[in-house]
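Asker: Data: model_23.tsv, TSV, C-alpha atoms and all ligand atoms.
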```tsv
chain	number	residue	atom	x	y	z
V	295	MET	CA	73.83	70.65	96.32
V	296	GLU	CA	76.03	72.83	94.16
V	297	GLU	CA	78.62	74.69	96.17
V	298	ILE	CA	78.61	78.46	95.77
V	299	VAL	CA	82.03	79.90	94.94
V	300	LYS	CA	82.19	83.12	96.89
V	301	LYS	CA	83.17	86.17	94.90
V	302	ASP	CA	85.25	89.12	96.06
V	303	ILE	CA	82.54	91.74	96.55
V	304	ARG	CA	84.97	94.62	96.09
V	305	ALA	CA	85.67	93.52	92.53
V	306	LEU	CA	82.16	94.88	91.76
V	307	ASP	CA	81.81	98.58	91.02
V	308	LYS	CA	78.86	100.61	92.26
V	309	GLU	CA	76.72	99.96	89.21
V	310	ALA	CA	77.35	96.22	89.40
V	311	LEU	CA	76.37	96.20	93.07
V	312	ARG	CA	73.17	98.07	92.34
V	313	THR	CA	72.35	95.64	89.52
V	314	PHE	CA	73.07	92.69	91.80
V	315	PHE	CA	70.47	93.88	94.31
V	316	VAL	CA	67.91	94.52	91.57
V	317	THR	CA	68.36	90.98	90.22
V	318	GLN	CA	67.75	89.76	93.78
V	319	GLY	CA	64.45	91.61	93.79
V	320	GLN	CA	65.70	94.32	96.13
V	321	SER	CA	66.11	98.04	95.71
V	322	ALA	CA	69.16	99.36	93.85
V	323	PHE	CA	69.68	101.71	96.79
V	324	ARG	CA	70.93	98.72	98.84
V	325	GLY	CA	73.84	98.69	96.40
V	326	ASN	CA	74.68	102.28	97.32
V	327	GLN	CA	74.56	101.45	101.01
V	328	VAL	CA	76.81	98.43	100.69
V	329	TYR	CA	79.18	100.40	98.48
V	330	GLU	CA	79.44	103.06	101.16
V	331	TRP	CA	80.20	100.44	103.78
V	332	LEU	CA	82.88	98.89	101.65
V	333	TRP	CA	84.64	101.99	100.40
V	334	GLN	CA	83.86	104.89	102.71
V	335	LYS	CA	83.54	103.14	106.04
V	336	GLY	CA	86.08	100.43	105.28
V	337	ALA	CA	83.89	97.59	106.60
V	338	HIS	CA	85.72	94.29	107.12
V	339	SER	CA	82.58	92.19	107.53
V	340	PHE	CA	78.98	92.04	106.34
V	341	GLU	CA	77.90	91.75	109.94
V	342	SER	CA	79.08	95.30	110.66
V	343	MET	CA	76.75	96.77	107.98
V	344	THR	CA	74.13	97.69	110.51
V	345	ASN	CA	71.66	99.54	108.29
V	346	ILE	CA	71.25	96.44	106.11
V	347	SER	CA	68.73	93.82	107.23
V	348	LYS	CA	69.98	90.67	108.94
V	349	GLU	CA	68.63	88.48	106.13
V	350	THR	CA	70.38	90.50	103.45
V	351	ARG	CA	73.65	90.42	105.39
V	352	ALA	CA	73.39	86.65	105.70
V	353	PHE	CA	72.61	86.41	102.01
V	354	LEU	CA	75.66	88.51	101.12
V	355	GLU	CA	77.74	86.29	103.40
V	356	THR	CA	76.80	83.20	101.40
V	357	HIS	CA	77.71	84.80	98.05
V	358	PHE	CA	80.66	87.06	98.73
V	359	VAL	CA	83.84	87.57	100.70
V	360	ILE	CA	85.53	90.81	101.68
V	361	ASN	CA	89.19	90.15	100.98
V	362	HIS	CA	90.69	92.60	103.37
V	363	ILE	CA	94.40	93.13	103.86
V	364	ARG	CA	95.86	92.99	107.36
V	365	VAL	CA	98.70	95.20	108.45
V	366	ASP	CA	100.55	92.49	110.20
V	367	GLN	CA	103.82	93.84	111.32
V	368	MET	CA	105.16	97.28	112.01
V	369	GLN	CA	108.66	98.60	112.39
V	370	ARG	CA	109.36	102.19	113.35
V	371	SER	CA	112.52	103.97	112.28
V	372	ASN	CA	114.42	106.49	114.40
V	373	ASP	CA	113.19	109.17	112.01
V	374	GLY	CA	109.50	108.23	112.51
V	375	THR	CA	109.13	106.23	109.28
V	376	ILE	CA	106.88	103.19	109.70
V	377	LYS	CA	107.23	100.07	107.58
V	378	ASN	CA	104.28	97.71	107.31
V	379	ALA	CA	104.14	94.11	106.29
V	380	VAL	CA	100.85	93.97	104.46
V	381	ARG	CA	99.28	90.53	104.58
V	382	LEU	CA	97.14	89.76	101.54
V	383	HIS	CA	94.97	86.67	101.44
V	384	ASP	CA	97.88	84.73	99.93
V	385	LEU	CA	101.12	86.74	100.02
V	386	VAL	CA	102.83	89.68	101.68
V	387	VAL	CA	103.88	93.09	100.36
V	388	GLU	CA	105.23	96.14	102.12
V	389	SER	CA	104.08	99.71	102.54
V	390	VAL	CA	105.74	102.67	104.21
V	391	LEU	CA	104.50	105.76	106.06
V	392	ILE	CA	106.92	108.67	105.74
V	393	PRO	CA	106.31	111.62	108.07
V	394	THR	CA	107.83	115.08	107.69
V	395	LYS	CA	107.05	118.20	109.72
V	396	THR	CA	103.98	119.03	107.68
V	397	ARG	CA	103.16	115.98	105.60
V	398	THR	CA	102.49	112.29	105.81
V	399	THR	CA	103.31	110.35	102.68
V	400	ALA	CA	102.21	106.78	101.98
V	401	CYS	CA	104.55	104.73	99.83
V	402	VAL	CA	102.49	101.84	98.46
V	403	SER	CA	103.11	98.66	96.49
V	404	SER	CA	101.42	97.80	93.21
V	405	GLN	CA	102.67	94.24	92.62
V	406	VAL	CA	103.94	91.33	94.68
V	407	GLY	CA	107.59	91.30	93.60
V	408	CYS	CA	108.53	92.88	90.28
V	409	SER	CA	109.12	91.64	86.74
V	410	LEU	CA	111.78	94.23	86.01
V	411	ASP	CA	115.37	93.67	86.93
V	412	CYS	CA	116.85	96.98	88.04
V	413	LYS	CA	120.21	95.92	89.42
V	414	PHE	CA	120.16	98.40	92.31
V	415	CYS	CA	116.69	97.52	93.63
V	416	ALA	CA	116.07	94.87	96.28
V	417	THR	CA	112.53	94.18	95.04
V	418	SER	CA	113.91	92.92	91.71
V	419	ARG	CA	115.25	89.89	93.55
V	420	LEU	CA	111.69	88.77	94.24
V	421	LYS	CA	110.20	87.56	90.99
V	422	ARG	CA	106.84	89.06	90.16
V	423	MET	CA	104.25	86.82	91.75
V	424	ARG	CA	101.08	88.69	90.92
V	425	ASN	CA	99.46	92.07	90.44
V	426	LEU	CA	97.68	93.66	93.36
V	427	GLN	CA	93.94	94.12	93.08
V	428	PRO	CA	92.54	97.67	93.26
V	429	ASP	CA	91.17	97.08	96.76
V	430	GLU	CA	94.52	95.74	97.96
V	431	ILE	CA	96.18	98.96	96.86
V	432	TYR	CA	93.37	101.07	98.30
V	433	ASP	CA	93.56	99.26	101.63
V	434	GLN	CA	97.26	100.05	102.00
V	435	VAL	CA	96.36	103.73	101.72
V	436	VAL	CA	93.50	103.46	104.23
V	437	ALA	CA	95.76	101.66	106.72
V	438	ILE	CA	98.44	104.35	106.46
V	439	ASP	CA	95.83	107.09	106.78
V	440	GLN	CA	94.71	105.46	110.03
V	441	GLN	CA	98.31	105.20	111.27
V	442	SER	CA	98.89	108.86	110.40
V	443	ARG	CA	95.84	109.91	112.43
V	444	LEU	CA	96.87	107.69	115.32
V	445	TYR	CA	100.57	108.58	115.56
V	446	PHE	CA	100.73	112.06	114.05
V	447	ASN	CA	97.22	113.42	114.64
V	448	ARG	CA	96.69	114.30	111.02
V	449	PRO	CA	95.35	112.62	107.90
V	450	LEU	CA	97.50	111.25	105.15
V	451	SER	CA	98.52	114.03	102.75
V	452	ASN	CA	100.41	112.38	99.87
V	453	ILE	CA	100.75	109.04	98.12
V	454	VAL	CA	103.65	107.74	96.07
V	455	PHE	CA	103.59	104.51	94.08
V	456	MET	CA	107.18	103.76	94.94
V	457	GLY	CA	106.77	100.55	96.90
V	458	MET	CA	107.13	97.11	95.40
V	459	GLY	CA	106.40	96.61	91.73
V	460	GLU	CA	106.05	98.56	88.51
V	461	PRO	CA	102.72	100.41	88.64
V	462	LEU	CA	102.45	100.75	84.87
V	463	MET	CA	102.66	96.98	84.50
V	464	ASN	CA	99.49	96.85	86.60
V	465	TYR	CA	97.97	99.95	85.12
V	466	ASN	CA	94.26	99.09	85.15
V	467	ASN	CA	94.24	98.11	88.81
V	468	VAL	CA	96.36	101.10	89.83
V	469	LEU	CA	93.95	103.37	87.98
V	470	LYS	CA	90.93	101.79	89.67
V	471	ALA	CA	92.59	102.18	93.07
V	472	ILE	CA	93.32	105.84	92.38
V	473	GLU	CA	89.71	106.35	91.31
V	474	LYS	CA	88.63	105.10	94.75
V	475	ILE	CA	91.29	107.14	96.54
V	476	THR	CA	90.20	110.35	94.81
V	477	ASP	CA	86.45	109.62	94.74
V	478	PRO	CA	84.42	111.86	97.09
V	479	GLU	CA	82.70	108.61	98.15
V	480	GLY	CA	86.10	107.07	98.87
V	481	LEU	CA	89.03	108.90	100.45
V	482	ALA	CA	88.43	112.12	98.50
V	483	MET	CA	92.12	112.87	98.07
V	484	SER	CA	93.33	115.26	95.40
V	485	PRO	CA	95.05	113.51	92.46
V	486	LYS	CA	97.68	116.25	92.58
V	487	ARG	CA	98.92	114.66	95.79
V	488	ILE	CA	99.51	111.31	94.12
V	489	ILE	CA	102.70	110.39	92.26
V	490	VAL	CA	102.94	107.31	90.11
V	491	SER	CA	106.58	106.37	89.71
V	492	THR	CA	107.65	104.29	86.74
V	493	SER	CA	110.83	102.84	85.41
V	494	GLY	CA	109.52	104.10	82.06
V	495	VAL	CA	107.17	101.98	79.98
V	496	PRO	CA	106.60	104.13	76.85
V	497	LYS	CA	103.35	102.52	75.71
V	498	MET	CA	101.76	102.94	79.12
V	499	ILE	CA	102.95	106.53	79.52
V	500	ARG	CA	101.14	107.29	76.26
V	501	LYS	CA	98.06	105.48	77.51
V	502	MET	CA	98.06	107.52	80.71
V	503	ALA	CA	98.28	110.71	78.69
V	504	GLU	CA	95.41	109.60	76.47
V	505	ASP	CA	93.34	108.69	79.51
V	506	GLY	CA	93.82	112.23	80.79
V	507	VAL	CA	94.92	111.16	84.25
V	508	LYS	CA	95.27	113.91	86.83
V	509	PHE	CA	97.97	112.47	89.09
V	510	LYS	CA	101.66	113.24	88.73
V	511	LEU	CA	104.28	111.24	86.92
V	512	ALA	CA	107.79	110.42	88.08
V	513	VAL	CA	110.28	108.50	85.98
V	514	SER	CA	113.18	106.56	87.42
V	515	LEU	CA	115.80	107.67	84.96
V	516	HIS	CA	119.19	107.16	86.67
V	517	SER	CA	121.01	107.59	83.38
V	518	ALA	CA	120.32	109.42	80.12
V	519	ILE	CA	122.90	107.34	78.24
V	520	ASP	CA	121.47	104.15	76.71
V	521	SER	CA	124.51	101.92	77.26
V	522	VAL	CA	124.76	102.87	80.94
V	523	ARG	CA	121.02	102.67	81.57
V	524	THR	CA	120.84	99.24	79.98
V	525	THR	CA	123.57	97.97	82.29
V	526	ILE	CA	121.73	99.04	85.43
V	527	MET	CA	118.13	98.72	84.12
V	528	PRO	CA	118.29	95.93	81.52
V	529	PHE	CA	114.75	96.46	80.20
V	530	ASN	CA	116.11	99.72	78.74
V	531	GLU	CA	117.24	97.54	75.88
V	532	THR	CA	113.58	96.89	75.00
V	533	PHE	CA	112.44	100.45	75.75
V	534	PRO	CA	115.43	102.66	74.92
V	535	LEU	CA	115.64	106.32	75.89
V	536	ALA	CA	114.48	107.65	72.51
V	537	GLN	CA	111.17	105.81	72.94
V	538	LEU	CA	110.87	106.95	76.52
V	539	ARG	CA	111.52	110.53	75.51
V	540	GLU	CA	108.90	110.39	72.74
V	541	ALA	CA	106.29	109.02	75.11
V	542	LEU	CA	107.13	111.66	77.72
V	543	GLN	CA	106.90	114.39	75.14
V	544	PHE	CA	103.43	113.13	74.26
V	545	TRP	CA	102.59	113.06	77.98
V	546	TYR	CA	103.64	116.67	78.38
V	547	GLU	CA	101.78	117.85	75.27
V	548	LYS	CA	98.59	116.21	76.51
V	549	THR	CA	98.75	116.97	80.22
V	550	LYS	CA	101.02	120.01	80.52
V	551	SER	CA	102.18	118.37	83.70
V	552	ARG	CA	105.85	118.66	84.60
V	553	ILE	CA	107.89	115.45	84.69
V	554	THR	CA	109.94	114.46	87.70
V	555	TYR	CA	113.03	112.35	87.17
V	556	GLU	CA	114.39	110.21	89.94
V	557	TYR	CA	118.10	109.85	89.78
V	558	VAL	CA	120.69	108.18	91.99
V	559	VAL	CA	124.35	109.09	91.48
V	560	TRP	CA	126.66	106.11	91.88
V	561	LYS	CA	130.41	105.99	92.07
V	562	GLY	CA	131.98	104.96	88.76
V	563	ILE	CA	128.61	104.65	86.99
V	564	ASN	CA	127.15	108.10	86.43
V	565	ASP	CA	129.35	110.43	88.50
V	566	ASN	CA	130.98	112.04	85.48
V	567	LYS	CA	130.56	115.02	83.19
V	568	ALA	CA	129.26	113.02	80.22
V	569	ALA	CA	126.44	111.64	82.40
V	570	ILE	CA	125.50	115.12	83.65
V	571	ASP	CA	125.54	116.59	80.14
V	572	ALA	CA	123.33	113.76	78.86
V	573	LEU	CA	120.85	114.37	81.68
V	574	VAL	CA	120.68	118.10	80.92
V	575	GLU	CA	120.11	117.29	77.26
V	576	PHE	CA	117.39	114.76	78.11
V	577	CYS	CA	115.55	117.28	80.29
V	578	LYS	CA	115.21	119.86	77.53
V	579	PHE	CA	112.06	118.78	75.70
V	580	ALA	CA	109.61	119.52	78.54
V	581	PRO	CA	109.62	121.20	81.97
V	582	ALA	CA	111.41	118.85	84.29
V	583	LYS	CA	112.43	118.43	87.88
V	584	VAL	CA	115.25	116.17	88.96
V	585	ASN	CA	115.19	114.47	92.35
V	586	LEU	CA	118.67	113.35	93.24
V	587	ILE	CA	118.03	110.44	95.60
V	588	GLU	CA	120.49	109.02	98.04
V	589	TYR	CA	121.47	105.42	97.31
V	590	ASN	CA	120.12	102.89	99.78
V	591	PRO	CA	122.53	99.99	99.84
V	592	ILE	CA	121.10	96.55	99.14
V	593	ASP	CA	124.16	94.39	99.80
V	594	ASP	CA	125.42	94.45	96.27
V	595	GLY	CA	129.04	95.04	95.38
V	596	MET	CA	128.20	96.83	92.15
V	597	PHE	CA	126.84	100.07	93.59
V	598	SER	CA	128.01	102.70	96.04
V	599	GLN	CA	126.90	106.26	96.69
V	600	ALA	CA	128.88	108.88	94.74
V	601	SER	CA	130.85	111.59	96.53
V	602	GLN	CA	129.31	114.86	97.68
V	603	ALA	CA	131.44	116.61	95.04
V	604	ALA	CA	129.75	114.56	92.32
V	605	ILE	CA	126.27	115.43	93.65
V	606	ASP	CA	127.30	119.09	93.82
V	607	ALA	CA	128.43	118.93	90.19
V	608	TYR	CA	124.96	117.65	89.23
V	609	VAL	CA	123.20	120.35	91.24
V	610	ASN	CA	125.37	123.16	89.87
V	611	THR	CA	125.04	122.11	86.25
V	612	LEU	CA	121.29	121.50	86.47
V	613	GLU	CA	120.74	124.85	88.14
V	614	ARG	CA	122.86	126.60	85.56
V	615	HIS	CA	120.47	125.21	82.95
V	616	ASN	CA	117.42	126.28	84.96
V	617	ILE	CA	116.36	122.73	85.70
V	618	THR	CA	114.74	122.42	89.12
V	619	CYS	CA	116.58	119.97	91.26
V	620	THR	CA	116.31	118.67	94.82
V	621	VAL	CA	118.63	116.46	96.81
V	622	ARG	CA	116.56	114.00	98.83
V	623	ARG	CA	117.79	112.43	102.01
V	624	SER	CA	116.57	108.95	102.42
V	625	ARG	CA	114.15	108.00	105.19
V	626	GLY	CA	113.70	104.81	107.15
V	627	LYS	CA	117.06	103.39	106.12
V	628	ASP	CA	117.68	101.70	109.48
V	629	ILE	CA	114.64	99.47	109.00
V	630	ASP	CA	115.17	98.78	105.26
V	631	ALA	CA	112.13	100.91	104.45
V	632	ALA	CA	113.85	103.28	102.02
V	633	CYS	CA	113.40	103.30	98.23
V	634	GLY	CA	114.52	100.06	96.69
V	635	GLN	CA	114.92	98.28	100.01
V	636	LEU	CA	111.54	96.60	100.12
V	637	ALA	CA	112.14	92.89	99.83
V	638	ASN	CA	110.07	91.19	102.53
V	639	LYS	CA	113.18	90.71	104.65
V	640	GLN	CA	111.18	89.85	107.77
V	641	ASP	CA	110.04	86.67	106.11
V	642	VAL	CA	106.51	86.96	107.42
V	643	LYS	CA	104.94	83.52	107.44
V	644	ILE	CA	101.56	82.86	105.91
V	645	ASN	CA	99.38	80.41	107.77
I	1	LIG	N1	108.98	100.52	89.63
I	1	LIG	C1	108.74	101.90	89.95
I	1	LIG	C2	108.40	102.14	91.40
I	1	LIG	C3	109.20	101.41	92.45
I	1	LIG	S1	110.86	101.93	92.72
I	1	LIG	C4	109.93	102.74	89.50
I	1	LIG	O1	110.90	102.16	89.01
I	1	LIG	O2	109.86	103.94	89.59
I	1	LIG	C5	110.73	103.50	93.51
I	1	LIG	C6	111.97	104.37	93.36
I	1	LIG	O3	113.07	103.84	94.13
I	1	LIG	C7	112.49	104.44	91.94
I	1	LIG	O4	112.83	105.75	91.61
I	1	LIG	C8	113.73	103.58	92.00
I	1	LIG	O5	114.61	103.89	90.98
I	1	LIG	C9	114.25	103.89	93.36
I	1	LIG	N2	115.19	102.91	93.89
I	1	LIG	C10	115.21	101.59	93.68
I	1	LIG	N3	116.22	101.01	94.34
I	1	LIG	C11	116.86	102.00	95.00
I	1	LIG	C12	117.98	102.03	95.89
I	1	LIG	N4	118.61	100.92	96.24
I	1	LIG	N5	118.36	103.22	96.39
I	1	LIG	C13	117.68	104.35	96.07
I	1	LIG	N6	116.62	104.39	95.25
I	1	LIG	C14	116.21	103.22	94.72
```
Now, as a test, write the supplied structure out as structure tokens.

Answerer:
Amino acid sequence: MEEIVKKDIRALDKEALRTFFVTQGQSAFRGNQVYEWLWQKGAHSFESMTNISKETRAFLETHFVINHIRVDQMQRSNDGTIKNAVRLHDLVVESVLIPTKTRTTACVSSQVGCSLDCKFCATSRLKRMRNLQPDEIYDQVVAIDQQSRLYFNRPLSNIVFMGMGEPLMNYNNVLKAIEKITDPEGLAMSPKRIIVSTSGVPKMIRKMAEDGVKFKLAVSLHSAIDSVRTTIMPFNETFPLAQLREALQFWYEKTKSRITYEYVVWKGINDNKAAIDALVEFCKFAPAKVNLIEYNPIDDGMFSQASQAAIDAYVNTLERHNITCTVRRSRGKDIDAACGQLANKQDVKIN
């Protein structure tokens, strides 16, 4: 007898599920029910789908699998931040829950490892192994929502794509995940509470603008001088600042959505007047906000946090030019859960 290769049922959208049931001689409505189990109720097994007949459940079992992630390991920081080791069916990524007084933010991964080579980021040391599937991204959000309810008595309020990977190098799957996250039949979250953070892939920024996406965009800039940016983010050679700026200008024209720049100030790299002036100049073409992020050390001799005076110089100059600017303290540093520190350090073993 021919062996049936089981398919991942969550790779099917609602229409495909409905069609599947029709081709099996059943009502399309079964498709809606199963969809609801999978995406709204977060079912991990066919057996738990109690309003579906036993025969149909058994039938689904023979044809499909539900590839569910497992949050396998949890570390809690002194500041309340929780870092998860997220076990996929083959590999492990990390996700982070960041609580503040009023919010809970989920920081999620989009790829296993990363193909970019930002010199200051721990994830760049793990080569890109694969893209995450939409459901694997969605599941990270669901798991953090559950943790937020359990530990902080409130639902998840915000999502940032600032975990492992470059979201715009896995654009289609990230988009599908966000569709589920914002869908009233999924988590029903507002896209305004979602930030996709990119190192700046011009072609994909244009695509996002053309697609009319409703979430927010953050760009990891770190330097507005090509030669400096190329040293610390070597792919800048392929996508230089002029191209990035053009794409961002297009983004702003299409979406009218302000651009956030993420920026770390390092000693001897960008803690000087020329760097500040270049940043101010770069910010001029569209409304911008600069987040000055604290550096999270990754055991590399090349980088160290700039002095407070250097940060103050950035803040003063940006404010003088009416550019909104915030200085962000890092969270979860003691458990290597802060930006750029996600590198599967716990070495979680896969069976
Ligand atoms: N690839 C995407 C998302 C992942 S990185 C991007 O580049 O935006 C998320 C954020 O952490 C980025 O702004 C990145 O520049 C920043 N980051 C990386 N390493 C860091 C470090 N060691 N300290 C502080 N921020 C870091």

Asker: List as a PyMOL selection string the protein and nucleic acid residues lying within 7 Å of ligand LIG 1 (chain I), with only C-alpha atoms and all ligand atoms counted.

Answerer: chain V and resi 414-416+455-461+491-493+512-514+556-558+587-592+633-635

Asker: If you count all atoms listed in the file, which residues fall within 6 Å of stretch 474-486 of chain V, apart from same-chain ones fewer than 3 positions away, as an mmCIF file with C-alpha atoms, keeping the file's coordinate frame?

Answerer:
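Writing the result to selection.cif gives the following:
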```cif
data_model
loop_
_atom_site.group_PDB
_atom_site.id
_atom_site.type_symbol
_atom_site.label_atom_id
_atom_site.label_comp_id
_atom_site.auth_asym_id
_atom_site.auth_seq_id
_atom_site.Cartn_x
_atom_site.Cartn_y
_atom_site.Cartn_z
ATOM 1 C CA TRP V 333 84.640 101.990 100.400
ATOM 2 C CA GLN V 334 83.860 104.890 102.710
ATOM 3 C CA ALA V 471 92.590 102.180 93.070
ATOM 4 C CA LYS V 508 95.270 113.910 86.830
ATOM 5 C CA PHE V 509 97.970 112.470 89.090
#
```

Asker: Using only C-alpha atoms, which residue out of V:Pro393, V:Gly494, V:Pro581, V:Gly506 lies closest to V:Lys377?

Answerer: V:Pro393

Asker: What does the distance from atom CA of V:Ile346 to atom CA of V:Gly325 come to in Å, to one decimal?

Answerer: 10.3 Å

Asker: Which is closest to V:Ile376 among V:Val406, V:Ile526, V:Ala536, V:Ala400, if we use all atoms listed in the file?

Answerer: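 Closest residue, counting all atoms listed in the file: V:Ala400.
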
Asker: Show me the residues close to (97.4, 95.4, 100.6) - anything with an atom within 10 Å, counting all atoms listed in the file - and format the list as a PyMOL selection string.

Answerer: chain V and resi 361-365+378-383+385-389+402-406+426-437

Asker: Determine, counting only C-alpha atoms, which protein, DNA and RNA residues have an atom within 8 Å of an atom of V:Leu311; residues of the same chain fewer than 6 positions away are not included. Present the result as a list in words.

Answerer: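 The residues satisfying every condition are Ala322, Gly325, Asn326, Val328 and Tyr329 of chain V.
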
Asker: Hey, which of V:Gln327, V:Asn566, V:Asn616, V:Thr554 ends up closest to V:Ala603? Count only C-alpha atoms.

Answerer: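 Selected residue with least distance to V:Ala603: V:Asn566.
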
Asker: Show me, as a ChimeraX atom specification, the residues that have an atom within 8 Å of V:Arg397 when counting only C-alpha atoms, minus same-chain residues fewer than 3 positions from it.

Answerer: /V:393-394,450-452

Asker: For a quick check of understanding, using only C-alpha atoms, which of V:Lys300, V:Lys561, V:Lys567, V:Lys578 has the smallest distance to V:Gln543?

Answerer: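 Under the stated criterion, the closest residue is V:Lys578.
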
Asker: Calculate how many Å separate atom CA of V:Ser418 from atom CA of V:Arg370, rounding to one decimal.

Answerer: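 Atom-to-atom, atom CA of V:Ser418 and atom CA of V:Arg370 are spaced 24.0 Å apart.
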
Asker: Skipping near chain neighbours, those fewer than 5 positions away, what residues fall within 9 Å of stretch 527-529 of chain V using all atoms listed in the file, listed as a ChimeraX atom specification?

Answerer: /V:410-414,493,516,522,534

Asker: For V:Lys301, work out the shell of residues within 10 Å, counting all atoms listed in the file and skipping chain neighbours fewer than 6 positions away, then give it as a list in words.

Answerer: Thr356, His357, Phe358, Val359, Ile360 and Asn361 of chain V

Asker: For a test of reading the model, state the distance in Å between atom CA of V:Arg424 and atom CA of V:Val468, rounded to one decimal.

Answerer: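 Going from atom CA of V:Arg424 over to atom CA of V:Val468, I get 13.3 Å.
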
Asker: Quick one: of V:Leu332, V:Cys619, V:Ala518, V:Met463, who's nearest to V:Asp571, counting all atoms listed in the file?

Answerer: V:Ala518

Asker: Would you fill out stretch 528-541 of chain V with N, CA and C atoms and return it as a tab-separated table (two decimals), in the frame of the given file?

Answerer:
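What follows is the written file rebuild.tsv:
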```tsv
chain	number	residue	atom	x	y	z
V	528	PRO	N	118.20	96.67	82.79
V	528	PRO	CA	118.29	95.93	81.52
V	528	PRO	C	117.09	96.05	80.58
V	529	PHE	N	115.89	96.34	81.11
V	529	PHE	CA	114.75	96.46	80.20
V	529	PHE	C	114.88	97.69	79.31
V	530	ASN	N	115.86	98.56	79.60
V	530	ASN	CA	116.11	99.72	78.74
V	530	ASN	C	116.47	99.29	77.32
V	531	GLU	N	116.93	98.07	77.20
V	531	GLU	CA	117.24	97.54	75.88
V	531	GLU	C	115.95	97.43	75.05
V	532	THR	N	114.87	97.01	75.69
V	532	THR	CA	113.58	96.89	75.00
V	532	THR	C	112.92	98.25	74.81
V	533	PHE	N	113.04	99.11	75.84
V	533	PHE	CA	112.44	100.45	75.75
V	533	PHE	C	113.53	101.50	75.86
V	534	PRO	N	114.31	101.72	74.81
V	534	PRO	CA	115.43	102.66	74.92
V	534	PRO	C	114.98	104.10	75.14
V	535	LEU	N	115.94	104.95	75.48
V	535	LEU	CA	115.64	106.32	75.89
V	535	LEU	C	114.88	107.13	74.83
V	536	ALA	N	115.17	106.88	73.56
V	536	ALA	CA	114.48	107.65	72.51
V	536	ALA	C	112.97	107.39	72.58
V	537	GLN	N	112.60	106.14	72.82
V	537	GLN	CA	111.17	105.81	72.94
V	537	GLN	C	110.56	106.41	74.19
V	538	LEU	N	111.34	106.38	75.26
V	538	LEU	CA	110.87	106.95	76.52
V	538	LEU	C	110.64	108.46	76.34
V	539	ARG	N	111.61	109.09	75.71
V	539	ARG	CA	111.52	110.53	75.51
V	539	ARG	C	110.29	110.89	74.66
V	540	GLU	N	110.06	110.14	73.60
V	540	GLU	CA	108.90	110.39	72.74
V	540	GLU	C	107.60	110.28	73.52
V	541	ALA	N	107.51	109.23	74.33
V	541	ALA	CA	106.29	109.02	75.11
V	541	ALA	C	106.12	110.16	76.12
```
